[in-house]
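Here is input_29.txt, consisting of compact mmCIF, C-alpha atoms:
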```
# COMPACT_ATOMS: atom_id res chain seq x y z
CA MET A 1 -72.10 45.39 19.00
CA LYS A 2 -69.94 47.03 21.68
CA LEU A 3 -70.00 50.32 19.75
CA ILE A 4 -73.82 50.30 19.53
CA LYS A 5 -74.09 49.56 23.24
CA ILE A 6 -71.79 52.46 24.14
CA LEU A 7 -73.67 54.88 21.89
CA GLY A 8 -76.95 53.79 23.47
CA TRP A 9 -75.72 54.40 26.99
CA ILE A 10 -74.36 57.84 26.13
CA PHE A 11 -76.88 59.43 23.75
CA VAL A 12 -80.29 57.94 24.56
CA PRO A 13 -80.52 59.55 28.06
CA TYR A 14 -79.64 62.97 26.56
CA ILE A 15 -82.32 62.67 23.91
CA MET A 16 -84.94 61.74 26.52
CA VAL A 17 -83.87 64.54 28.80
CA PHE A 18 -83.94 67.25 26.11
CA VAL A 19 -87.21 66.03 24.60
CA ASP A 20 -89.09 66.06 27.92
CA TRP A 21 -87.09 68.86 29.56
CA LYS A 22 -89.89 71.43 29.45
CA ARG A 23 -92.43 69.02 30.90
CA LEU A 24 -90.22 67.97 33.83
CA GLY A 25 -90.33 69.70 37.15
CA LYS A 26 -87.37 70.89 39.08
CA ILE A 27 -86.79 67.50 40.72
CA GLY A 28 -87.29 65.64 37.45
CA LYS A 29 -84.77 67.82 35.70
CA ARG A 30 -82.20 67.06 38.38
CA VAL A 31 -82.93 63.32 38.18
CA GLY A 32 -82.65 63.41 34.38
CA ALA A 33 -79.35 65.28 34.51
CA ALA A 34 -77.98 62.82 37.08
CA TRP A 35 -79.11 59.93 34.92
CA ALA A 36 -77.37 61.38 31.86
CA ILE A 37 -74.13 62.03 33.79
CA LEU A 38 -74.23 58.51 35.25
CA ALA A 39 -74.81 56.98 31.83
CA LEU A 40 -71.87 58.98 30.46
CA ILE A 41 -69.54 57.77 33.23
CA ILE A 42 -70.64 54.12 32.84
CA GLY A 43 -70.20 54.27 29.07
CA ILE A 44 -66.68 55.70 29.31
CA ALA A 45 -65.72 53.24 32.06
CA GLY A 46 -67.04 50.28 30.03
CA ARG A 47 -65.09 51.41 26.99
CA ASP A 48 -61.85 51.63 28.97
CA THR A 49 -62.49 48.20 30.43
CA ASN A 50 -62.98 46.66 27.00
CA ASN A 51 -59.76 48.23 25.72
CA LYS A 52 -57.67 46.82 28.57
CA PRO A 53 -55.80 43.59 27.61
CA ASN A 54 -56.79 40.34 29.33
CA PRO A 55 -53.87 39.41 31.65
CA SER A 56 -54.36 35.67 31.19
CA LYS A 57 -54.52 35.97 27.41
CA THR A 58 -51.50 38.25 27.39
CA THR A 59 -49.48 35.76 29.47
CA GLU A 60 -50.54 32.85 27.25
CA SER A 61 -49.63 34.77 24.10
CA ALA A 62 -46.27 35.70 25.59
CA ASN A 63 -45.56 32.08 26.47
CA VAL A 64 -46.41 30.93 22.96
CA THR A 65 -44.18 33.59 21.42
CA SER A 66 -41.35 32.67 23.79
CA ALA A 67 -41.70 28.99 22.92
CA GLU A 68 -41.56 29.75 19.23
CA VAL A 69 -38.44 31.86 19.64
CA ASN A 70 -36.62 29.41 21.88
CA SER A 71 -37.50 26.13 20.14
CA PRO A 72 -35.00 25.17 17.40
CA LYS A 73 -36.28 24.69 13.90
CA THR A 74 -36.00 21.11 12.66
CA GLU A 75 -35.41 20.60 8.99
CA ALA A 76 -36.23 17.25 7.43
CA VAL A 77 -33.25 15.98 5.53
CA SER A 78 -33.98 13.31 3.00
CA SER A 79 -31.60 10.52 2.19
CA SER A 80 -30.48 10.54 -1.43
CA GLN A 81 -28.76 7.40 -2.71
CA THR A 82 -27.68 6.23 -6.12
CA VAL A 83 -27.70 2.45 -6.48
CA THR A 84 -25.42 0.65 -8.91
CA THR A 85 -25.95 -3.00 -9.83
CA ASP A 86 -23.26 -5.55 -10.62
CA GLN A 87 -23.53 -8.54 -12.95
CA GLN A 88 -25.11 -10.68 -10.21
CA GLY A 89 -27.86 -8.14 -9.57
CA VAL A 90 -26.44 -7.13 -6.20
CA SER A 91 -26.82 -3.50 -5.27
CA ALA A 92 -23.77 -1.60 -4.11
CA THR A 93 -24.80 1.65 -2.46
CA ASP A 94 -23.04 4.70 -3.82
CA VAL A 95 -23.95 7.54 -1.48
CA ASN A 96 -23.52 10.80 -3.29
CA THR A 97 -25.33 13.68 -1.62
CA THR A 98 -27.09 14.35 1.66
CA GLN A 99 -27.67 11.76 4.36
CA ASN A 100 -30.19 11.59 7.16
CA VAL A 101 -27.30 10.79 9.47
CA GLN A 102 -23.98 12.43 10.08
CA ARG A 103 -20.68 10.85 9.13
CA ILE A 104 -17.25 11.62 10.42
CA GLN A 105 -14.03 11.35 8.49
CA ALA A 106 -11.08 9.38 9.79
CA LYS A 107 -7.61 8.51 8.50
CA VAL A 108 -6.84 4.78 8.31
CA LEU A 109 -3.67 3.98 10.23
CA GLU A 110 -3.70 0.17 9.95
CA VAL A 111 -5.83 -2.66 8.57
CA VAL A 112 -5.89 -5.32 11.30
CA ASP A 113 -7.86 -7.91 9.32
CA GLY A 114 -10.87 -8.15 7.03
CA ASP A 115 -13.35 -6.47 9.40
CA THR A 116 -11.21 -4.39 11.77
CA ILE A 117 -9.13 -1.25 11.23
CA LYS A 118 -7.28 1.34 13.29
CA VAL A 119 -8.08 4.97 12.54
CA LYS A 120 -7.32 8.45 13.81
CA ILE A 121 -10.32 10.33 15.20
CA ASN A 122 -9.81 13.78 16.75
CA ASP A 123 -6.06 13.14 17.01
CA LYS A 124 -6.72 9.89 18.90
CA GLU A 125 -6.06 6.37 17.66
CA GLU A 126 -9.16 4.16 17.79
CA THR A 127 -9.83 0.54 16.78
CA VAL A 128 -12.99 0.24 14.69
CA ARG A 129 -14.98 -2.95 14.09
CA PHE A 130 -17.24 -3.13 11.03
CA LEU A 131 -20.91 -3.28 12.07
CA LEU A 132 -23.10 -6.29 11.15
CA VAL A 133 -20.45 -8.32 9.24
CA ASP A 134 -17.83 -10.93 10.11
CA THR A 135 -14.85 -12.10 8.02
CA PRO A 136 -12.80 -15.28 8.60
CA GLU A 137 -9.99 -14.96 11.13
CA THR A 138 -6.31 -14.44 10.35
CA LYS A 139 -4.81 -13.76 13.78
CA HIS A 140 -7.07 -15.63 16.21
CA PRO A 141 -5.13 -17.42 18.99
CA LYS A 142 -7.45 -20.44 18.79
CA TYR A 143 -8.57 -20.64 15.14
CA GLY A 144 -5.45 -19.27 13.48
CA VAL A 145 -5.86 -18.49 9.79
CA GLN A 146 -9.25 -19.61 8.52
CA PRO A 147 -10.13 -20.26 4.86
CA PHE A 148 -10.70 -16.99 2.98
CA GLY A 149 -9.39 -15.03 5.98
CA LYS A 150 -6.30 -13.92 4.09
CA GLU A 151 -8.36 -13.05 1.01
CA ALA A 152 -10.70 -10.88 3.10
CA SER A 153 -7.79 -9.18 4.87
CA ASP A 154 -5.95 -8.52 1.59
CA PHE A 155 -9.12 -7.06 0.04
CA THR A 156 -9.67 -4.66 2.95
CA LYS A 157 -5.99 -3.66 2.89
CA GLN A 158 -6.14 -2.93 -0.82
CA LEU A 159 -9.35 -0.93 -0.31
CA LEU A 160 -8.47 1.12 2.80
CA THR A 161 -4.71 1.34 3.36
CA GLU A 162 -3.74 4.99 3.95
CA LYS A 163 -7.21 6.09 2.85
CA THR A 164 -9.56 8.59 4.49
CA VAL A 165 -12.84 6.84 5.27
CA GLU A 166 -16.26 7.94 6.45
CA LEU A 167 -17.66 6.44 9.64
CA GLU A 168 -21.43 6.23 10.06
CA GLN A 169 -22.88 5.54 13.49
CA ASP A 170 -26.05 3.55 14.13
CA VAL A 171 -28.04 4.13 17.34
CA ASN A 172 -24.78 3.85 19.27
CA ASN A 173 -21.15 3.25 18.37
CA GLY A 174 -20.02 1.00 21.20
CA PRO A 175 -17.45 0.31 22.39
CA ASP A 176 -17.79 -3.49 22.36
CA LYS A 177 -16.32 -5.81 25.00
CA TYR A 178 -12.90 -5.49 23.35
CA GLY A 179 -12.99 -1.69 23.47
CA ARG A 180 -13.57 -1.30 19.74
CA LEU A 181 -15.87 1.35 18.27
CA LEU A 182 -18.65 0.15 15.96
CA TYR A 183 -19.30 1.89 12.64
CA TYR A 184 -20.50 1.47 9.07
CA ILE A 185 -17.48 2.16 6.85
CA TYR A 186 -17.50 4.02 3.52
CA VAL A 187 -14.66 4.73 1.13
CA ASP A 188 -15.10 6.76 -2.06
CA GLY A 189 -18.81 6.89 -1.24
CA LYS A 190 -19.26 3.09 -1.25
CA SER A 191 -20.04 0.77 1.65
CA VAL A 192 -17.11 -1.47 2.60
CA GLN A 193 -19.46 -3.93 4.32
CA GLU A 194 -21.49 -4.36 1.15
CA GLN A 195 -18.40 -4.95 -0.98
CA LEU A 196 -17.15 -7.68 1.38
CA LEU A 197 -20.56 -9.38 1.28
CA GLU A 198 -20.78 -9.17 -2.51
CA LYS A 199 -17.45 -10.96 -2.97
CA GLY A 200 -18.31 -13.68 -0.46
CA LEU A 201 -15.57 -12.55 1.94
CA ALA A 202 -17.92 -11.86 4.87
CA ARG A 203 -21.18 -13.03 6.37
CA VAL A 204 -23.93 -11.06 8.13
CA ALA A 205 -23.28 -11.51 11.85
CA TYR A 206 -23.37 -9.95 15.33
CA VAL A 207 -26.85 -8.52 14.82
CA TYR A 208 -27.75 -6.80 18.08
CA VAL A 209 -30.64 -4.38 18.58
CA PRO A 210 -30.68 -1.38 18.27
CA ASN A 211 -27.80 -1.31 15.75
CA VAL A 212 -29.70 -2.98 12.88
CA LYS A 213 -30.23 -0.16 10.38
CA TYR A 214 -28.85 -1.99 7.32
CA VAL A 215 -29.28 -5.65 8.33
CA GLU A 216 -32.02 -6.45 5.80
CA GLN A 217 -30.11 -4.73 3.01
CA TYR A 218 -26.97 -6.71 3.90
CA ARG A 219 -28.86 -10.02 4.01
CA LYS A 220 -30.18 -9.50 0.49
CA ILE A 221 -26.62 -8.99 -0.79
CA GLN A 222 -25.48 -12.10 1.12
CA GLU A 223 -28.23 -14.19 -0.51
CA GLN A 224 -26.93 -13.19 -3.95
CA ALA A 225 -23.39 -14.26 -2.99
CA GLN A 226 -24.71 -17.59 -1.65
CA LYS A 227 -26.56 -18.30 -4.89
CA ALA A 228 -23.43 -17.48 -6.89
CA GLY A 229 -21.33 -19.71 -4.63
CA VAL A 230 -18.49 -17.19 -4.31
CA GLY A 231 -15.86 -17.00 -1.56
CA ILE A 232 -16.89 -18.53 1.75
CA TRP A 233 -20.07 -19.88 0.11
CA SER A 234 -18.06 -22.06 -2.27
CA ILE A 235 -17.41 -24.52 0.59
CA GLU A 236 -20.49 -26.39 1.75
CA ASN A 237 -21.36 -25.93 5.45
CA TYR A 238 -18.29 -23.75 6.07
CA ALA A 239 -20.04 -20.44 6.82
CA LYS A 240 -23.02 -20.76 9.18
CA GLU A 241 -24.97 -18.48 11.51
CA ASP A 242 -22.74 -19.41 14.45
CA GLY A 243 -19.46 -18.75 12.64
CA PHE A 244 -16.93 -20.38 10.32
CA HIS A 245 -16.25 -24.13 10.52
CA SER A 246 -12.75 -24.95 9.32
CA ASP A 247 -13.18 -28.53 10.58
CA VAL A 248 -15.47 -29.19 7.58
CA ILE A 249 -12.52 -28.75 5.24
CA LYS A 250 -10.21 -30.83 7.43
CA LYS A 251 -12.73 -33.68 7.48
CA GLU A 252 -12.99 -33.65 3.70
CA VAL A 253 -9.20 -33.80 3.37
CA SER A 254 -9.02 -36.60 5.96
CA VAL A 255 -11.64 -38.67 4.17
CA GLU A 256 -9.81 -38.27 0.89
CA ALA A 257 -6.53 -39.36 2.52
CA LYS A 258 -8.07 -42.46 4.10
CA THR A 259 -9.87 -43.61 0.97
CA PRO A 260 -7.60 -46.21 -0.67
CA LYS A 261 -6.78 -45.43 -4.21
CA PRO A 262 -7.57 -48.26 -6.63
CA LYS A 263 -4.47 -50.17 -7.72
CA PRO A 264 -3.81 -50.17 -11.42
CA THR A 265 -4.64 -53.47 -13.13
CA PRO A 266 -1.37 -55.15 -14.13
CA GLN A 267 -1.01 -55.45 -17.84
CA PRO A 268 0.14 -58.88 -19.13
CA SER A 269 3.67 -58.98 -20.44
CA PRO A 270 3.81 -59.30 -24.18
CA VAL A 271 4.67 -62.82 -25.36
CA PRO A 272 7.43 -62.72 -27.94
CA THR A 273 6.38 -64.13 -31.26
CA PRO A 274 8.70 -67.03 -32.17
CA GLN A 275 10.66 -66.31 -35.31
CA PRO A 276 10.80 -69.06 -37.87
CA VAL A 277 14.19 -70.84 -37.80
CA GLN A 278 15.89 -70.79 -41.16
CA GLU A 279 17.16 -74.27 -42.08
CA VAL A 280 20.87 -74.31 -42.71
CA TYR A 281 22.49 -77.13 -44.64
CA TYR A 282 26.13 -77.75 -45.21
CA GLY A 283 26.90 -80.51 -47.69
CA SER A 284 30.39 -80.93 -46.32
CA CYS A 285 32.73 -79.63 -43.68
CA LYS A 286 34.44 -77.68 -46.44
CA GLU A 287 31.24 -75.65 -46.95
CA ALA A 288 30.86 -75.13 -43.18
CA LYS A 289 34.43 -73.91 -42.92
CA ALA A 290 33.94 -71.66 -45.91
CA ALA A 291 30.88 -70.14 -44.15
CA GLY A 292 32.99 -69.56 -41.04
CA VAL A 293 30.79 -71.61 -38.70
CA ALA A 294 33.05 -74.64 -38.16
CA PRO A 295 33.23 -76.36 -35.86
CA LEU A 296 29.55 -77.15 -35.55
CA TYR A 297 28.20 -78.31 -32.27
CA SER A 298 25.20 -80.46 -31.75
CA GLY A 299 22.15 -78.23 -31.89
CA ASP A 300 23.76 -75.58 -34.05
CA PRO A 301 22.12 -74.78 -37.35
CA GLY A 302 23.69 -76.95 -40.06
CA TYR A 303 25.00 -79.63 -37.68
CA ARG A 304 24.55 -83.13 -39.02
CA SER A 305 25.67 -86.41 -37.65
CA LYS A 306 27.25 -87.20 -41.03
CA LEU A 307 29.60 -84.28 -40.53
CA ASP A 308 30.50 -85.54 -37.03
CA ARG A 309 32.62 -88.52 -37.97
CA ASP A 310 33.72 -89.46 -34.44
CA GLY A 311 30.27 -88.89 -32.94
CA ASP A 312 31.52 -86.63 -30.13
CA GLY A 313 28.89 -83.93 -30.85
CA VAL A 314 31.32 -81.70 -32.67
CA ALA A 315 31.41 -81.68 -36.45
CA CYS A 316 33.97 -80.34 -38.79
CA GLU A 317 36.69 -80.16 -36.15
```

Show me, as C-alpha cells, the structure contained in the file I just sent.
Amino acid sequence: MKLIKILGWIFVPYIMVFVDWKRLGKIGKRVGAAWAILALIIGIAGRDTNNKPNPSKTTESANVTSAEVNSPKTEAVSSSQTVTTDQQGVSATDVNTTQNVQRIQAKVLEVVDGDTIKVKINDKEETVRFLLVDTPETKHPKYGVQPFGKEASDFTKQLLTEKTVELEQDVNNGPDKYGRLLYYIYVDGKSVQEQLLEKGLARVAYVYVPNVKYVEQYRKIQEQAQKAGVGIWSIENYAKEDGFHSDVIKKEVSVEAKTPKPKPTPQPSPVPTPQPVQEVYYGSCKEAKAAGVAPLYSGDPGYRSKLDRDGDGVACE
C-alpha cells in the first residue's frame, strides 16, 4: 500500500502535466511544473519518514533483548528416585540420580546418639540434628538412658561411623536453639531417617513449618513399624506424640513386684505303709539262744511268758 501511494504521488502529476501540456498556458505550465516538483519532494520525504525506525519501538525492542540476555536460564530438574520395599511393605528411598535439591557431602567425626552427629563441613566442625525424627535419649541429664536409646545409638554408629554422608537441606537448615544444624541425612544413597523409622528406633517428631518436605512419607513408614510392633512400638504407650514415657515401664515392673505370688499348696507327707510283722516262735530258750536273740525282752518277737521263768520281763537269761 505504501509503495502504491508513493508511485501515485510521483507519477500521476507528471502524466497529467505532459498530457495537457500543449493546452496549458504559460501560467498553467508553471503551476503544473510546481505541482509535479512538490509531489516529487513530498513523495521522497514520505518514503524517508517511513524508513526511519520508531524510537519508542526501538527502545522497547532493545529492552526486551537486554532482558533476555541478562536473565539466567532456568532448567527444570526432575527428581528421580528408585524405591525398594522390605518385607513389611515399607519403602526405603534409594536416591540414585539427579535431585531437585542440592546436597553437600560431609565427613562424620562422631555419632553423639541415635539422631545427632558431628561432621566436618568446609573444614569446620558442626553438630547436625536429624530433621523430623526423634530417638530415645542416652545422655540426657534428666531422663538418662531411655529404653531403645542404646539400640538407636548403636545402629546409627554402625551406619555412619567414619562415613561420608550427604546432607540435604529443607527450606532452612537452622540452627536450632542448641546451635545444631538441621538436615536430612543420606548414606550410600539411602535415608538414615527412614531406616531408623523402619526399625522402630525413632518416631516422627519436631515437625515445624516450613521444614516439612518428607513428613508424610516418614509418617507412612512409622505406621508400618507401629503395625509390626517393632522397637519402641513393642511397649504399649511408651512412644507418644509428646515424647517417650519410661515411667510406663517402671509402673509395669512395680506392679509385678507388688503382686504377691501365690504360695505353693503344701503336699501331704506320705504315710508309711505298715509292714506285716512276721510271727516268731521259739519253743525253748535253747532255740532262742541258737538264733542269737537271747535274752528276749518283753515285746521282742518270740518273747513268751513261758520262757520268762522268773517273770521279770526277760526270758532266756

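The space between CA of Leu307 (chain A) and CA of Val293 (chain A) spans 12.9 Å.
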
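Those residues that approach region 310-314 of chain A to within 9 Å, counting all atoms listed in the file, are A:Pro295, A:Leu296, A:Tyr297, A:Ser298, A:Gly299, A:Tyr303, A:Ser305, A:Lys306; same-chain residues fewer than 4 positions away are not listed.
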
Contact residues around Tyr178 (chain A) with only C-alpha atoms at 12 Å, ignoring same-chain residues under 3 positions, as a list in words = Thr116, Glu126, Thr127, Val128, Arg129, Gly174, Pro175, Leu181 and Leu182 of chain A

Quote the spacing between CA of Asn172 (chain A) and CA of Tyr206 (chain A) in Å to one decimal place.
-> 14.4 Å

Counting all atoms listed in the file, which of A:Lys118, A:Lys150, A:Lys139, A:Lys263 gets nearest to Arg180 (chain A)?
-> A:Lys118

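Closest approach to Leu159 (chain A) from the set A:Gln195, A:His140, A:Val171, A:Leu131 is made by A:Gln195, with distances taken over only C-alpha atoms.
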